[in-house]
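Participant: Structure: data01.pdb, PDB, C-alpha atoms.
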```pdb
ATOM      1  CA  MET A   1      30.382   8.991  15.513
ATOM      2  CA  PRO A   2      29.650   5.328  16.266
ATOM      3  CA  GLY A   3      29.392   2.965  13.321
ATOM      4  CA  ARG A   4      29.781  -0.538  11.992
ATOM      5  CA  ILE A   5      31.242  -1.959   8.851
ATOM      6  CA  LEU A   6      28.253  -2.509   6.567
ATOM      7  CA  ARG A   7      30.048  -3.824   3.513
ATOM      8  CA  VAL A   8      33.607  -4.677   2.520
ATOM      9  CA  VAL A   9      34.028  -3.254  -0.975
ATOM     10  CA  ARG A  10      37.540  -4.528  -1.613
ATOM     11  CA  GLU A  11      38.238  -7.932  -0.077
ATOM     12  CA  SER A  12      41.560  -8.999  -1.561
ATOM     13  CA  ALA A  13      45.023  -7.621  -0.992
ATOM     14  CA  GLY A  14      46.760  -5.616  -3.677
ATOM     15  CA  PRO A  15      47.383  -2.082  -4.811
ATOM     16  CA  VAL A  16      44.501   0.383  -4.857
ATOM     17  CA  ALA A  17      44.246   3.833  -6.363
ATOM     18  CA  ALA A  18      43.851   6.799  -4.026
ATOM     19  CA  GLY A  19      40.194   7.413  -3.215
ATOM     20  CA  THR A  20      39.068   3.855  -3.967
ATOM     21  CA  PRO A  21      36.454   2.788  -1.410
ATOM     22  CA  LEU A  22      37.523  -0.151   0.721
ATOM     23  CA  VAL A  23      34.626  -0.446   3.192
ATOM     24  CA  GLU A  24      31.252   1.150   3.860
ATOM     25  CA  VAL A  25      30.684   2.253   7.444
ATOM     26  CA  GLY A  26      27.318   3.309   8.855
ATOM     27  CA  ASP A  27      25.308   3.843  12.027
ATOM     28  CA  VAL A  28      22.597   1.154  11.975
ATOM     29  CA  SER A  29      20.817   2.799  14.905
ATOM     30  CA  ARG A  30      19.764   5.535  12.451
ATOM     31  CA  LEU A  31      18.380   3.475   9.565
ATOM     32  CA  GLU A  32      16.022   5.042   7.053
ATOM     33  CA  VAL A  33      13.821   3.333   4.500
ATOM     34  CA  VAL A  34      13.952   4.357   0.846
ATOM     35  CA  ALA A  35      10.940   3.117  -1.115
ATOM     36  CA  ASP A  36      10.667   3.221  -4.906
ATOM     37  CA  LEU A  37       7.042   4.136  -5.611
ATOM     38  CA  LEU A  38       5.362   4.452  -8.983
ATOM     39  CA  SER A  39       5.241   8.166  -9.766
ATOM     40  CA  SER A  40       1.416   8.024  -9.882
ATOM     41  CA  ASP A  41       1.409   6.610  -6.321
ATOM     42  CA  ALA A  42       4.110   8.994  -5.064
ATOM     43  CA  ALA A  43       2.020  11.959  -6.243
ATOM     44  CA  ARG A  44      -0.607  11.031  -3.617
ATOM     45  CA  VAL A  45       1.896  10.739  -0.737
ATOM     46  CA  ARG A  46       2.522  13.734   1.539
ATOM     47  CA  VAL A  47       5.512  14.574   3.725
ATOM     48  CA  GLY A  48       4.625  13.635   7.317
ATOM     49  CA  ALA A  49       2.301  10.790   6.276
ATOM     50  CA  THR A  50       2.447   7.699   8.453
ATOM     51  CA  GLY A  51       2.897   4.132   7.335
ATOM     52  CA  ARG A  52       4.453   0.832   8.224
ATOM     53  CA  VAL A  53       7.217  -1.488   7.134
ATOM     54  CA  THR A  54       6.595  -5.229   6.884
ATOM     55  CA  GLY A  55       8.082  -8.192   5.076
ATOM     56  CA  TRP A  56      11.550  -7.871   6.572
ATOM     57  CA  GLY A  57      11.230 -10.858   8.913
ATOM     58  CA  GLY A  58      10.049  -9.151  12.104
ATOM     59  CA  LYS A  59       7.078  -7.257  13.504
ATOM     60  CA  PRO A  60       5.597  -4.330  11.539
ATOM     61  CA  LEU A  61       7.430  -1.053  12.140
ATOM     62  CA  ALA A  62       5.851   2.403  12.166
ATOM     63  CA  VAL A  63       7.342   4.957   9.750
ATOM     64  CA  ARG A  64       6.807   8.596   8.764
ATOM     65  CA  VAL A  65       7.520  10.117   5.331
ATOM     66  CA  ARG A  66      10.470  12.515   5.538
ATOM     67  CA  THR A  67      11.115  13.305   1.873
ATOM     68  CA  ILE A  68       9.635  12.717  -1.547
ATOM     69  CA  GLU A  69      12.399  13.211  -4.071
ATOM     70  CA  PRO A  70      11.479  15.693  -6.809
ATOM     71  CA  ALA A  71      12.785  13.708  -9.776
ATOM     72  CA  ALA A  72      11.561  10.376 -11.082
ATOM     73  CA  PHE A  73      13.694   7.705 -12.741
ATOM     74  CA  THR A  74      12.915   4.909 -15.169
ATOM     75  CA  LYS A  75      13.017   1.332 -13.922
ATOM     76  CA  VAL A  76      12.190  -1.804 -15.880
ATOM     77  CA  SER A  77       9.648  -3.997 -14.083
ATOM     78  CA  ALA A  78       9.832  -7.783 -13.787
ATOM     79  CA  LEU A  79       7.418  -7.897 -16.754
ATOM     80  CA  GLY A  80       9.794  -5.819 -18.865
ATOM     81  CA  LEU A  81       7.714  -2.619 -18.661
ATOM     82  CA  GLU A  82       9.389   0.745 -18.203
ATOM     83  CA  GLU A  83       7.981   2.493 -15.128
ATOM     84  CA  GLN A  84       8.556   5.963 -13.740
ATOM     85  CA  ARG A  85       9.535   5.604 -10.102
ATOM     86  CA  VAL A  86      10.200   8.085  -7.290
ATOM     87  CA  HIS A  87      12.286   7.609  -4.148
ATOM     88  CA  VAL A  88      10.295   8.258  -0.962
ATOM     89  CA  VAL A  89      12.417   8.429   2.204
ATOM     90  CA  LEU A  90      10.811   7.274   5.468
ATOM     91  CA  ASP A  91      12.066   7.494   9.042
ATOM     92  CA  LEU A  92      11.424   4.717  11.533
ATOM     93  CA  ALA A  93       9.234   5.926  14.417
ATOM     94  CA  GLU A  94      11.334   4.040  16.959
ATOM     95  CA  GLN A  95      14.814   2.604  17.337
ATOM     96  CA  PRO A  96      15.261  -0.077  14.654
ATOM     97  CA  PRO A  97      15.411  -3.622  16.004
ATOM     98  CA  PRO A  98      18.895  -5.161  15.905
ATOM     99  CA  GLU A  99      17.665  -7.809  13.433
ATOM    100  CA  LEU A 100      16.965  -5.155  10.765
ATOM    101  CA  GLY A 101      20.012  -4.174   8.771
ATOM    102  CA  HIS A 102      21.353  -2.076   5.926
ATOM    103  CA  ASP A 103      19.958  -2.786   2.417
ATOM    104  CA  TYR A 104      17.286  -5.206   3.688
ATOM    105  CA  ARG A 105      14.300  -5.752   1.415
ATOM    106  CA  VAL A 106      11.092  -4.496   3.013
ATOM    107  CA  ASP A 107       7.466  -3.860   2.056
ATOM    108  CA  VAL A 108       6.151  -0.343   2.701
ATOM    109  CA  THR A 109       2.583   0.864   3.175
ATOM    110  CA  VAL A 110       1.917   4.623   3.372
ATOM    111  CA  VAL A 111      -1.377   6.195   4.423
ATOM    112  CA  VAL A 112      -2.550   8.519   1.628
ATOM    113  CA  ARG A 113      -6.055   9.098   2.964
ATOM    114  CA  GLU A 114      -7.703   8.578   6.314
ATOM    115  CA  ASP A 115     -11.381   9.077   7.127
ATOM    116  CA  LYS A 116     -13.358   8.347  10.263
ATOM    117  CA  ASP A 117     -16.666   6.436  10.471
ATOM    118  CA  VAL A 118     -16.654   5.254   6.864
ATOM    119  CA  LEU A 119     -18.984   2.560   5.589
ATOM    120  CA  ARG A 120     -16.992   0.504   3.118
ATOM    121  CA  VAL A 121     -17.608  -2.548   0.993
ATOM    122  CA  PRO A 122     -15.345  -4.812  -1.029
ATOM    123  CA  ALA A 123     -14.790  -3.160  -4.424
ATOM    124  CA  THR A 124     -15.790  -6.461  -6.052
ATOM    125  CA  ALA A 125     -19.364  -5.986  -4.783
ATOM    126  CA  LEU A 126     -19.878  -2.843  -6.906
ATOM    127  CA  PHE A 127     -20.945  -2.660 -10.524
ATOM    128  CA  ARG A 128     -22.456  -0.152 -12.936
ATOM    129  CA  ASP A 129     -26.218  -0.301 -13.374
ATOM    130  CA  ARG A 130     -27.001   2.037 -16.270
ATOM    131  CA  ASP A 131     -25.559   5.402 -15.189
ATOM    132  CA  ARG A 132     -25.129   4.696 -11.475
ATOM    133  CA  TRP A 133     -23.188   2.478  -9.069
ATOM    134  CA  ALA A 134     -25.039  -0.414  -7.473
ATOM    135  CA  LEU A 135     -24.591  -3.602  -5.499
ATOM    136  CA  PHE A 136     -26.670  -6.533  -4.359
ATOM    137  CA  LYS A 137     -27.424  -6.920  -0.682
ATOM    138  CA  LEU A 138     -28.754 -10.101   0.861
ATOM    139  CA  GLU A 139     -32.200  -9.623   2.345
ATOM    140  CA  GLY A 140     -34.413 -12.510   3.420
ATOM    141  CA  GLY A 141     -32.565 -15.019   1.245
ATOM    142  CA  ARG A 142     -32.937 -12.848  -1.854
ATOM    143  CA  ALA A 143     -30.614 -10.527  -3.728
ATOM    144  CA  ARG A 144     -31.817  -6.914  -3.625
ATOM    145  CA  LEU A 145     -30.449  -4.390  -6.112
ATOM    146  CA  VAL A 146     -29.324  -1.282  -4.223
ATOM    147  CA  PRO A 147     -28.204   1.899  -5.996
ATOM    148  CA  VAL A 148     -25.372   3.507  -4.022
ATOM    149  CA  GLU A 149     -23.159   6.564  -4.083
ATOM    150  CA  ILE A 150     -19.486   5.843  -3.597
ATOM    151  CA  GLY A 151     -16.483   7.734  -2.276
ATOM    152  CA  ALA A 152     -12.779   6.954  -2.126
ATOM    153  CA  SER A 153     -11.444   3.539  -3.120
ATOM    154  CA  ASP A 154      -8.084   1.836  -2.778
ATOM    155  CA  GLY A 155      -8.996  -0.820  -5.328
ATOM    156  CA  GLU A 156      -9.778  -3.358  -2.629
ATOM    157  CA  TRP A 157     -12.308  -1.449  -0.495
ATOM    158  CA  THR A 158     -14.647   1.370  -1.537
ATOM    159  CA  ALA A 159     -16.436   3.863   0.690
ATOM    160  CA  VAL A 160     -20.228   3.988   0.315
ATOM    161  CA  THR A 161     -21.556   7.472   1.071
ATOM    162  CA  ASN A 162     -25.264   6.858   0.452
ATOM    163  CA  GLY A 163     -27.710   4.019  -0.173
ATOM    164  CA  LEU A 164     -26.500   1.321   2.231
ATOM    165  CA  VAL A 165     -26.822   0.804   5.969
ATOM    166  CA  GLU A 166     -24.189  -0.559   8.306
ATOM    167  CA  ASP A 167     -24.153  -4.350   8.854
ATOM    168  CA  ALA A 168     -25.844  -5.080   5.518
ATOM    169  CA  THR A 169     -24.614  -8.271   3.875
ATOM    170  CA  VAL A 170     -23.456  -7.582   0.319
ATOM    171  CA  ILE A 171     -22.793 -10.023  -2.495
ATOM    172  CA  THR A 172     -19.242  -9.905  -3.827
ATOM    173  CA  GLN A 173     -18.475 -10.797  -7.421
ATOM    174  CA  PRO A 174     -22.135 -11.276  -8.330
ATOM    175  CA  ALA A 175     -22.683 -13.568 -11.304
ATOM    176  CA  ASP A 176     -24.532 -12.234 -14.359
ATOM    177  CA  SER A 177     -27.356 -14.600 -13.495
ATOM    178  CA  ILE A 178     -28.144 -12.721 -10.264
ATOM    179  CA  VAL A 179     -30.991 -10.251 -10.659
ATOM    180  CA  ASP A 180     -33.085  -8.234  -8.234
ATOM    181  CA  GLY A 181     -35.209 -10.650  -6.205
ATOM    182  CA  ALA A 182     -33.236 -13.784  -7.132
ATOM    183  CA  ARG A 183     -33.039 -16.396  -4.390
ATOM    184  CA  VAL A 184     -29.439 -16.711  -3.126
ATOM    185  CA  ALA A 185     -27.709 -18.526  -0.289
ATOM    186  CA  PRO A 186     -24.585 -17.292   1.498
ATOM    187  CA  ARG A 187     -21.408 -19.344   1.093
TER     188      ARG A 187
END
```
Just give me the structure as structure tokens.
Facilitator:
Amino acid sequence: MPGRILRVVRESAGPVAAGTPLVEVGDVSRLEVVADLLSSDAARVRVGATGRVTGWGGKPLAVRVRTIEPAAFTKVSALGLEEQRVHVVLDLAEQPPPELGHDYRVDVTVVVREDKDVLRVPATALFRDRDRWALFKLEGGRARLVPVEIGASDGEWTAVTNGLVEDATVITQPADSIVDGARVAPR
């Protein structure tokens, strides 16, 4: 099996006990990505889901989820909070570029839901108006209160299933001073 030395474990000369690792050897043409996801996020991921790897210094790489490990582990976050994490193993969809190596830090995005022909708005445009969801749309230089029904959200974008038409201009992060009919100007 072809391979390269990935890491020299023992660099200096001297006696070693039997079984002590001296080097790590691996086949970098068969890299996999292991992502530590919060257990609440990992619960939404499915084997076979697609995604991409970024943040490693090259172009985004397509990946597919191979395994979601069944046991979580505790990891302390940078803020000192204990988090339950789960290893999710992803395979690269194509031969890894030679610039990508073993133990590189990467950012992983996994598709947990995919819908076609969805009208979506920035989540910051939505607010509660009594017992319903609503937003302000810009119409003729005025803010118009529009009750809407919403669907799935990723925290950044939210699907609108009823109450809004495509190409409407919505007001994001509306100030408390904005009311139905208030004159507004786009920025």
Participant: I need the residue set behind the PyMOL selection byres ((chain A and resi 122) around 6) for this file; please write it as a ChimeraX atom specification.
Facilitator: /A:121,123-125,156-157
Participant: Nearest to Arg128 in chain A: which of A:Asp167, A:Glu149, A:Glu99, A:Asp115 is it, counting only C-alpha atoms?
Facilitator: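 Among A:Asp167, A:Glu149, A:Glu99, A:Asp115, it is A:Glu149 that comes nearest to Arg128 in chain A.
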Participant: How many Å separate CA of Pro21 in chain A from CA of Thr74 in chain A?
Facilitator: 27.3 Å
Participant: Just to confirm, what's the straight-line distance from CA of Thr161 in chain A to CA of Lys137 in chain A in Å (one decimal)?
Facilitator: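 Distance between the two atoms: 15.6 Å.
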Participant: Could you list, as a list in words, every residue within 6 Å of Gly181 in chain A, counting all atoms listed in the file and ignoring same-chain residues fewer than 4 positions away?
Facilitator: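 With the cut-off at 6 Å, the set is Arg142, Ala143 and Arg144 of chain A.
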Participant: Do you have the CA of Tyr104 in chain A-CA of Asp154 in chain A distance handy?
Facilitator: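 CA of Tyr104 in chain A sits 27.1 Å away from CA of Asp154 in chain A.
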Participant: What do you get, as an mmCIF file with C-alpha atoms, in the coordinates of the input, if you spell out every residue that the PyMOL selection byres ((chain A and resi 178-180) around 12) selects here?
Facilitator:
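And here is the file that came out, result_13.cif:
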```
data_model
loop_
_atom_site.group_PDB
_atom_site.id
_atom_site.type_symbol
_atom_site.label_atom_id
_atom_site.label_comp_id
_atom_site.auth_asym_id
_atom_site.auth_seq_id
_atom_site.Cartn_x
_atom_site.Cartn_y
_atom_site.Cartn_z
ATOM 1 C CA ASP A 129 -26.218 -0.301 -13.374
ATOM 2 C CA ALA A 134 -25.039 -0.414 -7.473
ATOM 3 C CA LEU A 135 -24.591 -3.602 -5.499
ATOM 4 C CA PHE A 136 -26.670 -6.533 -4.359
ATOM 5 C CA LYS A 137 -27.424 -6.920 -0.682
ATOM 6 C CA LEU A 138 -28.754 -10.101 0.861
ATOM 7 C CA GLU A 139 -32.200 -9.623 2.345
ATOM 8 C CA GLY A 141 -32.565 -15.019 1.245
ATOM 9 C CA ARG A 142 -32.937 -12.848 -1.854
ATOM 10 C CA ALA A 143 -30.614 -10.527 -3.728
ATOM 11 C CA ARG A 144 -31.817 -6.914 -3.625
ATOM 12 C CA LEU A 145 -30.449 -4.390 -6.112
ATOM 13 C CA VAL A 146 -29.324 -1.282 -4.223
ATOM 14 C CA PRO A 147 -28.204 1.899 -5.996
ATOM 15 C CA ILE A 171 -22.793 -10.023 -2.495
ATOM 16 C CA THR A 172 -19.242 -9.905 -3.827
ATOM 17 C CA GLN A 173 -18.475 -10.797 -7.421
ATOM 18 C CA PRO A 174 -22.135 -11.276 -8.330
ATOM 19 C CA ALA A 175 -22.683 -13.568 -11.304
ATOM 20 C CA ASP A 176 -24.532 -12.234 -14.359
ATOM 21 C CA SER A 177 -27.356 -14.600 -13.495
ATOM 22 C CA GLY A 181 -35.209 -10.650 -6.205
ATOM 23 C CA ALA A 182 -33.236 -13.784 -7.132
ATOM 24 C CA ARG A 183 -33.039 -16.396 -4.390
ATOM 25 C CA VAL A 184 -29.439 -16.711 -3.126
ATOM 26 C CA ALA A 185 -27.709 -18.526 -0.289
#
```
